[in-house]
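Here is model_37.cif, consisting of mmCIF, C-alpha atoms:
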```cif
data_coords
#
loop_
_atom_site.label_atom_id
_atom_site.label_comp_id
_atom_site.auth_asym_id
_atom_site.auth_seq_id
_atom_site.Cartn_x
_atom_site.Cartn_y
_atom_site.Cartn_z
CA MET A 1 65.05 -65.21 126.90
CA SER A 2 65.24 -65.29 123.11
CA GLU A 3 65.76 -61.89 121.50
CA LEU A 4 63.04 -62.52 118.95
CA SER A 5 60.02 -64.76 118.55
CA VAL A 6 57.64 -64.68 115.61
CA GLU A 7 54.16 -66.14 115.81
CA SER A 8 52.09 -66.61 112.69
CA HIS A 9 48.32 -66.92 112.23
CA GLU A 10 45.98 -66.77 109.28
CA ARG A 11 42.73 -64.84 109.34
CA GLU A 12 40.39 -64.11 106.44
CA GLY A 13 43.03 -65.07 103.91
CA VAL A 14 45.62 -62.81 105.52
CA VAL A 15 48.77 -64.08 107.19
CA LEU A 16 49.45 -62.22 110.41
CA LEU A 17 53.01 -62.17 111.69
CA TYR A 18 53.70 -61.18 115.28
CA PRO A 19 57.39 -60.47 115.78
CA SER A 20 58.17 -59.92 119.44
CA GLY A 21 61.49 -58.54 120.66
CA PHE A 22 64.35 -57.22 118.57
CA ILE A 23 65.03 -57.66 114.85
CA ASN A 24 68.65 -57.08 113.94
CA ALA A 25 71.37 -58.86 111.97
CA HIS A 26 71.41 -61.66 114.55
CA THR A 27 67.70 -62.41 114.66
CA VAL A 28 66.57 -61.44 111.17
CA ARG A 29 66.73 -64.96 109.73
CA LEU A 30 63.85 -66.03 111.94
CA PHE A 31 61.73 -63.15 110.65
CA GLU A 32 62.77 -63.79 107.04
CA GLY A 33 61.89 -67.45 107.49
CA GLU A 34 58.34 -66.65 108.62
CA LEU A 35 57.88 -64.24 105.72
CA GLN A 36 59.15 -66.88 103.31
CA LYS A 37 56.81 -69.53 104.77
CA ALA A 38 53.85 -67.31 103.93
CA LEU A 39 55.08 -66.83 100.38
CA ASP A 40 55.83 -70.53 99.95
CA GLY A 41 52.26 -71.23 101.07
CA GLY A 42 50.94 -68.90 98.36
CA CYS A 43 49.83 -66.23 100.85
CA TYR A 44 50.65 -62.80 99.56
CA ARG A 45 48.45 -60.81 101.90
CA ILE A 46 50.55 -60.24 104.95
CA VAL A 47 50.16 -58.07 108.02
CA VAL A 48 53.14 -57.55 110.28
CA SER A 49 51.65 -56.69 113.64
CA GLY A 50 54.37 -54.95 115.60
CA ALA A 51 52.88 -54.46 119.06
CA GLY A 52 55.58 -56.68 120.55
CA LEU A 53 58.36 -55.31 118.40
CA ARG A 54 60.70 -53.25 120.53
CA TYR A 55 63.34 -52.46 117.98
CA VAL A 56 64.07 -53.07 114.30
CA ALA A 57 67.44 -52.49 112.68
CA SER A 58 68.02 -52.13 108.96
CA ALA A 59 68.34 -55.91 108.62
CA GLY A 60 64.65 -56.23 109.48
CA LEU A 61 63.67 -53.48 107.07
CA GLY A 62 65.79 -55.20 104.42
CA ALA A 63 63.85 -58.43 104.99
CA LEU A 64 60.63 -56.60 104.09
CA MET A 65 62.25 -54.89 101.11
CA GLY A 66 63.61 -58.18 99.83
CA VAL A 67 60.17 -59.70 99.29
CA ILE A 68 57.85 -56.76 98.65
CA GLU A 69 58.26 -56.87 94.87
CA GLU A 70 57.39 -60.58 94.75
CA VAL A 71 54.39 -60.02 97.03
CA ARG A 72 52.99 -57.17 94.96
CA THR A 73 53.70 -58.91 91.66
CA ASN A 74 51.39 -61.65 92.95
CA GLY A 75 48.61 -59.19 93.75
CA GLY A 76 49.28 -58.98 97.47
CA ASP A 77 50.86 -56.58 99.89
CA ILE A 78 52.67 -56.37 103.20
CA ARG A 79 50.94 -54.04 105.62
CA ILE A 80 52.22 -52.93 108.98
CA ALA A 81 50.24 -52.37 112.17
CA GLU A 82 50.56 -51.41 115.82
CA LEU A 83 54.09 -50.05 115.74
CA ASN A 84 55.41 -48.34 118.84
CA ASP A 85 56.87 -44.85 118.45
CA THR A 86 60.47 -46.09 118.29
CA VAL A 87 59.84 -48.49 115.43
CA ARG A 88 57.52 -46.10 113.61
CA ASN A 89 60.24 -43.44 113.73
CA ILE A 90 62.68 -45.85 112.12
CA PHE A 91 60.23 -46.54 109.28
CA GLU A 92 59.74 -42.82 108.81
CA MET A 93 63.45 -42.01 108.87
CA LEU A 94 63.96 -44.22 105.85
CA GLY A 95 60.75 -43.14 104.14
CA LEU A 96 59.32 -46.65 104.39
CA ASN A 97 56.01 -45.17 105.49
CA HIS A 98 55.62 -44.13 101.83
CA LEU A 99 56.29 -47.65 100.58
CA TYR A 100 54.24 -49.57 103.15
CA ARG A 101 50.79 -48.80 104.48
CA ILE A 102 50.96 -48.50 108.25
CA PHE A 103 47.80 -48.89 110.34
CA PRO A 104 47.16 -48.07 113.99
CA SER A 105 45.48 -51.43 114.59
CA GLU A 106 45.86 -54.96 113.31
CA GLN A 107 42.13 -55.11 112.60
CA GLU A 108 42.30 -52.08 110.31
CA ALA A 109 45.22 -53.61 108.43
CA VAL A 110 43.34 -56.89 107.89
CA LEU A 111 40.17 -55.07 106.84
CA SER A 112 42.11 -52.97 104.33
CA PHE A 113 42.65 -56.12 102.27
CA ARG A 114 38.93 -56.85 102.27
CA GLU A 115 38.20 -53.31 101.05
CA ALA A 116 40.69 -53.74 98.22
CA SER A 117 39.04 -57.04 97.21
CA GLY A 118 35.57 -55.47 97.34
CA ARG A 119 36.62 -52.81 94.91
CA GLY A 120 38.06 -55.46 92.62
CA ARG A 121 41.56 -54.12 92.45
CA ALA A 122 44.94 -55.10 93.70
CA PRO A 123 46.05 -53.62 97.00
CA ALA A 124 47.87 -50.31 96.74
CA MET B 1 89.31 -21.19 133.47
CA THR B 2 91.90 -21.57 130.78
CA GLY B 3 91.01 -21.66 127.13
CA ARG B 4 92.48 -25.10 126.76
CA ARG B 5 90.12 -27.82 125.69
CA ARG B 6 90.11 -30.76 128.07
CA LYS B 7 91.09 -34.00 126.42
CA PRO B 8 88.00 -36.18 126.31
CA GLN B 9 88.12 -39.35 128.36
CA PRO B 10 86.31 -42.53 127.39
CA VAL B 11 83.72 -43.33 130.01
CA VAL B 12 83.07 -46.80 128.70
CA VAL B 13 85.16 -49.07 126.50
CA LEU B 14 83.65 -52.27 125.18
CA ARG B 15 85.44 -54.99 123.24
CA VAL B 16 83.31 -57.79 121.89
CA PRO B 17 83.90 -60.69 119.50
CA SER B 18 82.69 -60.20 115.95
CA GLY B 19 79.56 -62.33 116.22
CA THR B 20 76.09 -60.92 115.72
CA GLU B 21 75.02 -62.52 119.02
CA PHE B 22 76.96 -59.72 120.73
CA LEU B 23 74.89 -56.98 119.09
CA ALA B 24 72.47 -57.16 122.01
CA ALA B 25 75.30 -56.34 124.45
CA ILE B 26 76.36 -53.45 122.21
CA ARG B 27 72.81 -52.17 122.01
CA ASP B 28 72.17 -52.43 125.76
CA THR B 29 75.46 -50.76 126.67
CA THR B 30 74.95 -47.96 124.17
CA LYS B 31 71.44 -47.25 125.37
CA ARG B 32 72.55 -47.09 129.00
CA VAL B 33 75.53 -44.84 128.26
CA ALA B 34 73.34 -42.52 126.16
CA GLU B 35 70.84 -42.26 128.99
CA LEU B 36 73.61 -41.53 131.48
CA ALA B 37 74.89 -38.84 129.11
CA GLY B 38 71.51 -37.12 129.26
CA CYS B 39 69.54 -38.52 126.32
CA ASP B 40 65.89 -39.35 126.86
CA ALA B 41 64.86 -42.98 126.44
CA ALA B 42 63.67 -42.58 122.84
CA THR B 43 66.87 -40.81 121.74
CA ALA B 44 69.01 -43.35 123.60
CA GLU B 45 67.21 -46.13 121.72
CA GLN B 46 67.97 -44.41 118.42
CA VAL B 47 71.63 -43.94 119.29
CA ALA B 48 71.73 -47.66 120.17
CA LEU B 49 70.30 -48.43 116.73
CA ALA B 50 72.96 -46.31 115.00
CA VAL B 51 75.72 -48.12 116.90
CA ASP B 52 74.10 -51.51 116.19
CA GLU B 53 74.18 -50.61 112.48
CA ALA B 54 77.84 -49.56 112.63
CA ALA B 55 78.83 -52.76 114.44
CA THR B 56 76.80 -54.86 112.01
CA ASN B 57 78.66 -53.24 109.11
CA VAL B 58 81.96 -54.11 110.75
CA ILE B 59 80.95 -57.74 111.26
CA GLU B 60 79.42 -58.22 107.81
CA HIS B 61 81.66 -56.06 105.61
CA ALA B 62 85.00 -55.30 107.27
CA TYR B 63 85.28 -58.83 108.72
CA GLY B 64 83.20 -60.56 106.03
CA GLY B 65 81.32 -62.54 108.68
CA ALA B 66 84.45 -63.87 110.42
CA ARG B 67 83.62 -64.55 114.06
CA ASP B 68 87.14 -64.67 115.48
CA ARG B 69 87.84 -60.93 115.36
CA PHE B 70 86.89 -58.07 117.67
CA VAL B 71 84.85 -54.90 117.56
CA GLU B 72 85.97 -52.16 119.92
CA LEU B 73 83.71 -49.36 121.03
CA ALA B 74 84.64 -46.28 123.04
CA PHE B 75 82.01 -43.93 124.41
CA VAL B 76 83.04 -40.41 125.39
CA CYS B 77 80.67 -38.07 127.21
CA GLU B 78 81.42 -34.43 126.61
CA PRO B 79 79.28 -31.68 128.14
CA ASP B 80 77.54 -31.05 124.83
CA GLU B 81 77.80 -34.32 122.97
CA LEU B 82 78.19 -38.05 123.14
CA LEU B 83 80.94 -39.43 120.94
CA VAL B 84 81.05 -43.10 119.95
CA GLU B 85 84.03 -44.62 118.20
CA ILE B 86 83.76 -48.06 116.59
CA VAL B 87 87.08 -49.59 115.64
CA ASP B 88 87.95 -52.74 113.71
CA ASP B 89 91.05 -54.12 112.01
CA GLY B 90 89.22 -55.61 109.07
CA ARG B 91 89.53 -54.78 105.42
CA PRO B 92 89.07 -51.14 104.47
CA VAL B 93 85.50 -50.34 103.50
CA ASP B 94 84.85 -47.17 101.55
CA ARG B 95 81.44 -46.17 102.82
CA ARG B 96 81.58 -42.92 100.86
CA ALA B 97 80.85 -45.14 97.86
CA MET B 98 77.51 -46.15 99.35
CA PRO B 99 74.74 -45.05 96.99
CA ARG B 100 71.89 -42.83 98.10
CA VAL B 101 68.92 -44.88 99.30
CA ASP B 102 66.34 -45.21 96.52
CA LEU B 103 63.47 -47.22 97.97
CA GLY B 104 61.71 -47.85 94.67
CA ARG B 105 64.87 -49.20 93.08
CA TYR B 106 65.77 -51.20 96.17
CA ALA B 107 62.32 -52.87 96.12
CA ARG B 108 62.56 -53.67 92.41
CA GLU B 109 66.03 -55.10 92.88
CA ARG B 110 64.93 -56.98 96.03
CA ARG B 111 67.83 -55.46 97.91
CA ARG B 112 68.05 -56.33 101.57
CA GLY B 113 70.97 -54.11 102.51
CA GLY B 114 72.20 -50.57 102.14
CA PHE B 115 70.06 -48.88 104.78
CA GLY B 116 72.42 -49.03 107.73
CA VAL B 117 74.74 -46.14 106.91
CA HIS B 118 71.75 -44.07 105.89
CA LEU B 119 70.10 -44.70 109.27
CA MET B 120 73.32 -43.82 111.09
CA GLY B 121 73.39 -40.50 109.27
CA ARG B 122 69.75 -39.76 110.03
CA ILE B 123 70.08 -40.52 113.73
CA MET B 124 73.47 -39.03 114.58
CA ASP B 125 74.59 -35.44 114.13
CA ARG B 126 77.93 -36.40 112.64
CA VAL B 127 79.24 -39.65 111.16
CA SER B 128 82.74 -40.05 109.78
CA PHE B 129 84.95 -42.91 108.61
CA ARG B 130 88.71 -42.96 108.47
CA ARG B 131 91.69 -45.30 108.61
CA ARG B 132 93.93 -45.16 111.67
CA GLY B 133 96.97 -47.33 111.11
CA ARG B 134 95.59 -50.72 110.12
CA CYS B 135 92.18 -50.02 111.60
CA ASN B 136 88.88 -48.66 110.35
CA VAL B 137 87.45 -46.02 112.67
CA CYS B 138 83.84 -44.95 112.53
CA CYS B 139 83.17 -41.90 114.67
CA MET B 140 79.62 -40.84 115.46
CA VAL B 141 78.52 -37.84 117.47
CA LYS B 142 75.14 -37.10 119.02
CA LYS B 143 74.46 -33.66 120.41
CA LEU B 144 73.08 -33.81 123.91
CA PRO B 145 69.81 -32.09 124.86
CA ALA B 146 71.53 -29.27 126.75
CA ALA B 147 73.49 -28.29 123.66
CA GLU B 148 70.42 -28.48 121.43
CA ALA B 149 68.47 -26.27 123.84
CA ARG B 150 71.26 -23.68 123.79
CA GLU B 151 71.32 -23.72 119.98
CA ALA B 152 67.57 -23.27 119.82
CA ARG B 153 67.71 -20.10 121.94
#
```

Represent the structure contained in this file as structure tokens.
Amino acid sequence: MSELSVESHEREGVVLLYPSGFINAHTVRLFEGELQKALDGGCYRIVVSGAGLRYVASAGLGALMGVIEEVRTNGGDIRIAELNDTVRNIFEMLGLNHLYRIFPSEQEAVLSFREASGRGRAPA
Amino acid sequence: MTGRRRKPQPVVVLRVPSGTEFLAAIRDTTKRVAELAGCDAATAEQVALAVDEAATNVIEHAYGGARDRFVELAFVCEPDELLVEIVDDGRPVDRRAMPRVDLGRYARERRRGGFGVHLMGRIMDRVSFRRRGRCNVCCMVKKLPAAEAREAR
């Protein structure tokens, strides 16, 4: 079995990424590639839905950090949803929960973009 | 009982080639050893992450991505703590020079690295780096639950 798979869907102008498995230095290129595909397609509203994510090492966090400035400069954001306790703890250890909005559910993360649009401002 | 401290014995020694495809074996072994040492599943997963980060640093920095070298890991279970030693014979890396993690600056600079050592320090109770002969030695210690409970009393 592959250590990581990443599915991608688009809904309501938001790209949803579903990493499943482990993100570390060995698998991170696959995750980076899916992030980059969204950016290359002009999609800067991204939700990483982590229900299937069992483990993320700093390489995976670095992949998010490497593109967040470009995403926000283009009026978008990367939002995180459905993390298990292990992965959430890793985000919190590094303080990434202050840099990224983390939602309990994928639906809430997607809707948060609609709310931002409705108020006519860029996502936080 | 004598007052002499028993010399710790490695319970598991693992030697793997310096390819990132072996990180999964390192992670799985570390998690299992941590559980056998008395860590709960969540703590064992964190210890596995810290060791994954240390091994990744060896592969990427000490060996510069070379795949024909080896990473050696020794796990020692003491009554109060789990000790993990990660050894390589790559180029010396001064991790004391690693800057403090500044997320805002990292985002602006689009930096993808620099979190690993920080994570190791947050997860483990002690992390040290030294040279031993021609080798780099990273030593990490995690206090076991029994010791933490005693300290809390």

Could you work out which residues of chain A fall inside 10 Å of chain B? Count all atoms listed in the file, and format the result as a compact mmCIF listing (two decimals) with C-alpha atoms, in the frame of the given file.
```txt
# COMPACT_ATOMS: atom_id res chain seq x y z
CA GLU A 3 65.76 -61.89 121.50
CA PHE A 22 64.35 -57.22 118.57
CA ASN A 24 68.65 -57.08 113.94
CA ALA A 25 71.37 -58.86 111.97
CA HIS A 26 71.41 -61.66 114.55
CA THR A 27 67.70 -62.41 114.66
CA ARG A 54 60.70 -53.25 120.53
CA TYR A 55 63.34 -52.46 117.98
CA VAL A 56 64.07 -53.07 114.30
CA ALA A 57 67.44 -52.49 112.68
CA SER A 58 68.02 -52.13 108.96
CA ALA A 59 68.34 -55.91 108.62
CA GLY A 60 64.65 -56.23 109.48
CA LEU A 61 63.67 -53.48 107.07
CA GLY A 62 65.79 -55.20 104.42
CA ALA A 63 63.85 -58.43 104.99
CA LEU A 64 60.63 -56.60 104.09
CA MET A 65 62.25 -54.89 101.11
CA GLY A 66 63.61 -58.18 99.83
CA VAL A 67 60.17 -59.70 99.29
CA ILE A 68 57.85 -56.76 98.65
CA GLU A 69 58.26 -56.87 94.87
CA GLU A 70 57.39 -60.58 94.75
CA ASP A 85 56.87 -44.85 118.45
CA THR A 86 60.47 -46.09 118.29
CA VAL A 87 59.84 -48.49 115.43
CA ASN A 89 60.24 -43.44 113.73
CA ILE A 90 62.68 -45.85 112.12
CA MET A 93 63.45 -42.01 108.87
CA LEU A 94 63.96 -44.22 105.85
CA GLY A 95 60.75 -43.14 104.14
CA LEU A 96 59.32 -46.65 104.39
CA HIS A 98 55.62 -44.13 101.83
CA LEU A 99 56.29 -47.65 100.58
```

Applied to this file, what does the PyMOL selection byres ((chain A and resi 11) around 12) return in terms of residues, put as a PDB file with C-alpha atoms, keeping the file's coordinate frame?
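As a result, out00.pdb now contains:
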```pdb
ATOM      1  CA  SER A   8      52.090 -66.610 112.690  1.00  0.00           C
ATOM      2  CA  HIS A   9      48.320 -66.920 112.230  1.00  0.00           C
ATOM      3  CA  GLU A  10      45.980 -66.770 109.280  1.00  0.00           C
ATOM      4  CA  GLU A  12      40.390 -64.110 106.440  1.00  0.00           C
ATOM      5  CA  GLY A  13      43.030 -65.070 103.910  1.00  0.00           C
ATOM      6  CA  VAL A  14      45.620 -62.810 105.520  1.00  0.00           C
ATOM      7  CA  VAL A  15      48.770 -64.080 107.190  1.00  0.00           C
ATOM      8  CA  LEU A  16      49.450 -62.220 110.410  1.00  0.00           C
ATOM      9  CA  LEU A  17      53.010 -62.170 111.690  1.00  0.00           C
ATOM     10  CA  CYS A  43      49.830 -66.230 100.850  1.00  0.00           C
ATOM     11  CA  ARG A  45      48.450 -60.810 101.900  1.00  0.00           C
ATOM     12  CA  ILE A  46      50.550 -60.240 104.950  1.00  0.00           C
ATOM     13  CA  VAL A  47      50.160 -58.070 108.020  1.00  0.00           C
ATOM     14  CA  GLU A 106      45.860 -54.960 113.310  1.00  0.00           C
ATOM     15  CA  GLN A 107      42.130 -55.110 112.600  1.00  0.00           C
ATOM     16  CA  ALA A 109      45.220 -53.610 108.430  1.00  0.00           C
ATOM     17  CA  VAL A 110      43.340 -56.890 107.890  1.00  0.00           C
ATOM     18  CA  LEU A 111      40.170 -55.070 106.840  1.00  0.00           C
ATOM     19  CA  PHE A 113      42.650 -56.120 102.270  1.00  0.00           C
ATOM     20  CA  ARG A 114      38.930 -56.850 102.270  1.00  0.00           C
TER      21      ARG A 114
END
```

Q: Run through the PyMOL selection byres ((chain B and resi 69) around 6) on the given coordinates and return the selected residues as a PyMOL selection string.
A: chain B and resi 17-18+67-68+70

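Atom pair atom CA of Leu83 of chain B / atom CA of Lys143 of chain B has a distance of 8.7 Å (rounded to one decimal).
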
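Minimum atom-to-atom distance to Glu85 of chain B, evaluated using only C-alpha atoms, belongs to B:Val127 out of B:Met120, B:Val127, B:Ala152, B:Leu36.
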
Could segment 23-46 of chain B be completed with N, CA and C atoms and written as a JSON list (two decimals), in the coordinates of the input, please?
```json
[["chain", "number", "residue", "atom", "x", "y", "z"],
["B", 23, "LEU", "N", 75.54, -58.27, 119.39],
["B", 23, "LEU", "CA", 74.89, -56.98, 119.09],
["B", 23, "LEU", "C", 73.97, -56.54, 120.23],
["B", 24, "ALA", "N", 73.36, -57.51, 120.90],
["B", 24, "ALA", "CA", 72.47, -57.16, 122.01],
["B", 24, "ALA", "C", 73.26, -56.47, 123.13],
["B", 25, "ALA", "N", 74.47, -56.96, 123.41],
["B", 25, "ALA", "CA", 75.30, -56.34, 124.45],
["B", 25, "ALA", "C", 75.70, -54.93, 124.02],
["B", 26, "ILE", "N", 76.00, -54.78, 122.73],
["B", 26, "ILE", "CA", 76.36, -53.45, 122.21],
["B", 26, "ILE", "C", 75.17, -52.50, 122.34],
["B", 27, "ARG", "N", 74.02, -53.00, 121.95],
["B", 27, "ARG", "CA", 72.81, -52.17, 122.01],
["B", 27, "ARG", "C", 72.51, -51.76, 123.46],
["B", 28, "ASP", "N", 72.52, -52.73, 124.36],
["B", 28, "ASP", "CA", 72.17, -52.43, 125.76],
["B", 28, "ASP", "C", 73.17, -51.45, 126.39],
["B", 29, "THR", "N", 74.44, -51.67, 126.11],
["B", 29, "THR", "CA", 75.46, -50.76, 126.67],
["B", 29, "THR", "C", 75.30, -49.36, 126.12],
["B", 30, "THR", "N", 75.09, -49.28, 124.79],
["B", 30, "THR", "CA", 74.95, -47.96, 124.17],
["B", 30, "THR", "C", 73.75, -47.21, 124.73],
["B", 31, "LYS", "N", 72.65, -47.91, 124.87],
["B", 31, "LYS", "CA", 71.44, -47.25, 125.37],
["B", 31, "LYS", "C", 71.67, -46.72, 126.78],
["B", 32, "ARG", "N", 72.31, -47.51, 127.61],
["B", 32, "ARG", "CA", 72.55, -47.09, 129.00],
["B", 32, "ARG", "C", 73.50, -45.90, 129.05],
["B", 33, "VAL", "N", 74.57, -45.95, 128.26],
["B", 33, "VAL", "CA", 75.53, -44.84, 128.26],
["B", 33, "VAL", "C", 74.84, -43.56, 127.75],
["B", 34, "ALA", "N", 74.03, -43.70, 126.70],
["B", 34, "ALA", "CA", 73.34, -42.52, 126.16],
["B", 34, "ALA", "C", 72.40, -41.92, 127.19],
["B", 35, "GLU", "N", 71.72, -42.77, 127.94],
["B", 35, "GLU", "CA", 70.84, -42.26, 128.99],
["B", 35, "GLU", "C", 71.65, -41.56, 130.09],
["B", 36, "LEU", "N", 72.76, -42.16, 130.46],
["B", 36, "LEU", "CA", 73.61, -41.53, 131.48],
["B", 36, "LEU", "C", 74.17, -40.19, 130.99],
["B", 37, "ALA", "N", 74.36, -40.09, 129.67],
["B", 37, "ALA", "CA", 74.89, -38.84, 129.11],
["B", 37, "ALA", "C", 73.83, -37.74, 129.06],
["B", 38, "GLY", "N", 72.56, -38.13, 129.24],
["B", 38, "GLY", "CA", 71.51, -37.12, 129.26],
["B", 38, "GLY", "C", 70.46, -37.27, 128.18],
["B", 39, "CYS", "N", 70.56, -38.30, 127.35],
["B", 39, "CYS", "CA", 69.54, -38.52, 126.32],
["B", 39, "CYS", "C", 68.26, -39.07, 126.95],
["B", 40, "ASP", "N", 67.12, -38.71, 126.39],
["B", 40, "ASP", "CA", 65.89, -39.35, 126.86],
["B", 40, "ASP", "C", 65.84, -40.78, 126.31],
["B", 41, "ALA", "N", 64.89, -41.56, 126.79],
["B", 41, "ALA", "CA", 64.86, -42.98, 126.44],
["B", 41, "ALA", "C", 64.73, -43.21, 124.94],
["B", 42, "ALA", "N", 63.89, -42.40, 124.28],
["B", 42, "ALA", "CA", 63.67, -42.58, 122.84],
["B", 42, "ALA", "C", 64.95, -42.27, 122.05],
["B", 43, "THR", "N", 65.62, -41.18, 122.43],
["B", 43, "THR", "CA", 66.87, -40.81, 121.74],
["B", 43, "THR", "C", 67.95, -41.85, 122.01],
["B", 44, "ALA", "N", 68.01, -42.33, 123.26],
["B", 44, "ALA", "CA", 69.01, -43.35, 123.60],
["B", 44, "ALA", "C", 68.79, -44.62, 122.76],
["B", 45, "GLU", "N", 67.53, -44.96, 122.54],
["B", 45, "GLU", "CA", 67.21, -46.13, 121.72],
["B", 45, "GLU", "C", 67.68, -45.92, 120.29],
["B", 46, "GLN", "N", 67.52, -44.70, 119.79],
["B", 46, "GLN", "CA", 67.97, -44.41, 118.42],
["B", 46, "GLN", "C", 69.49, -44.45, 118.30]]
```
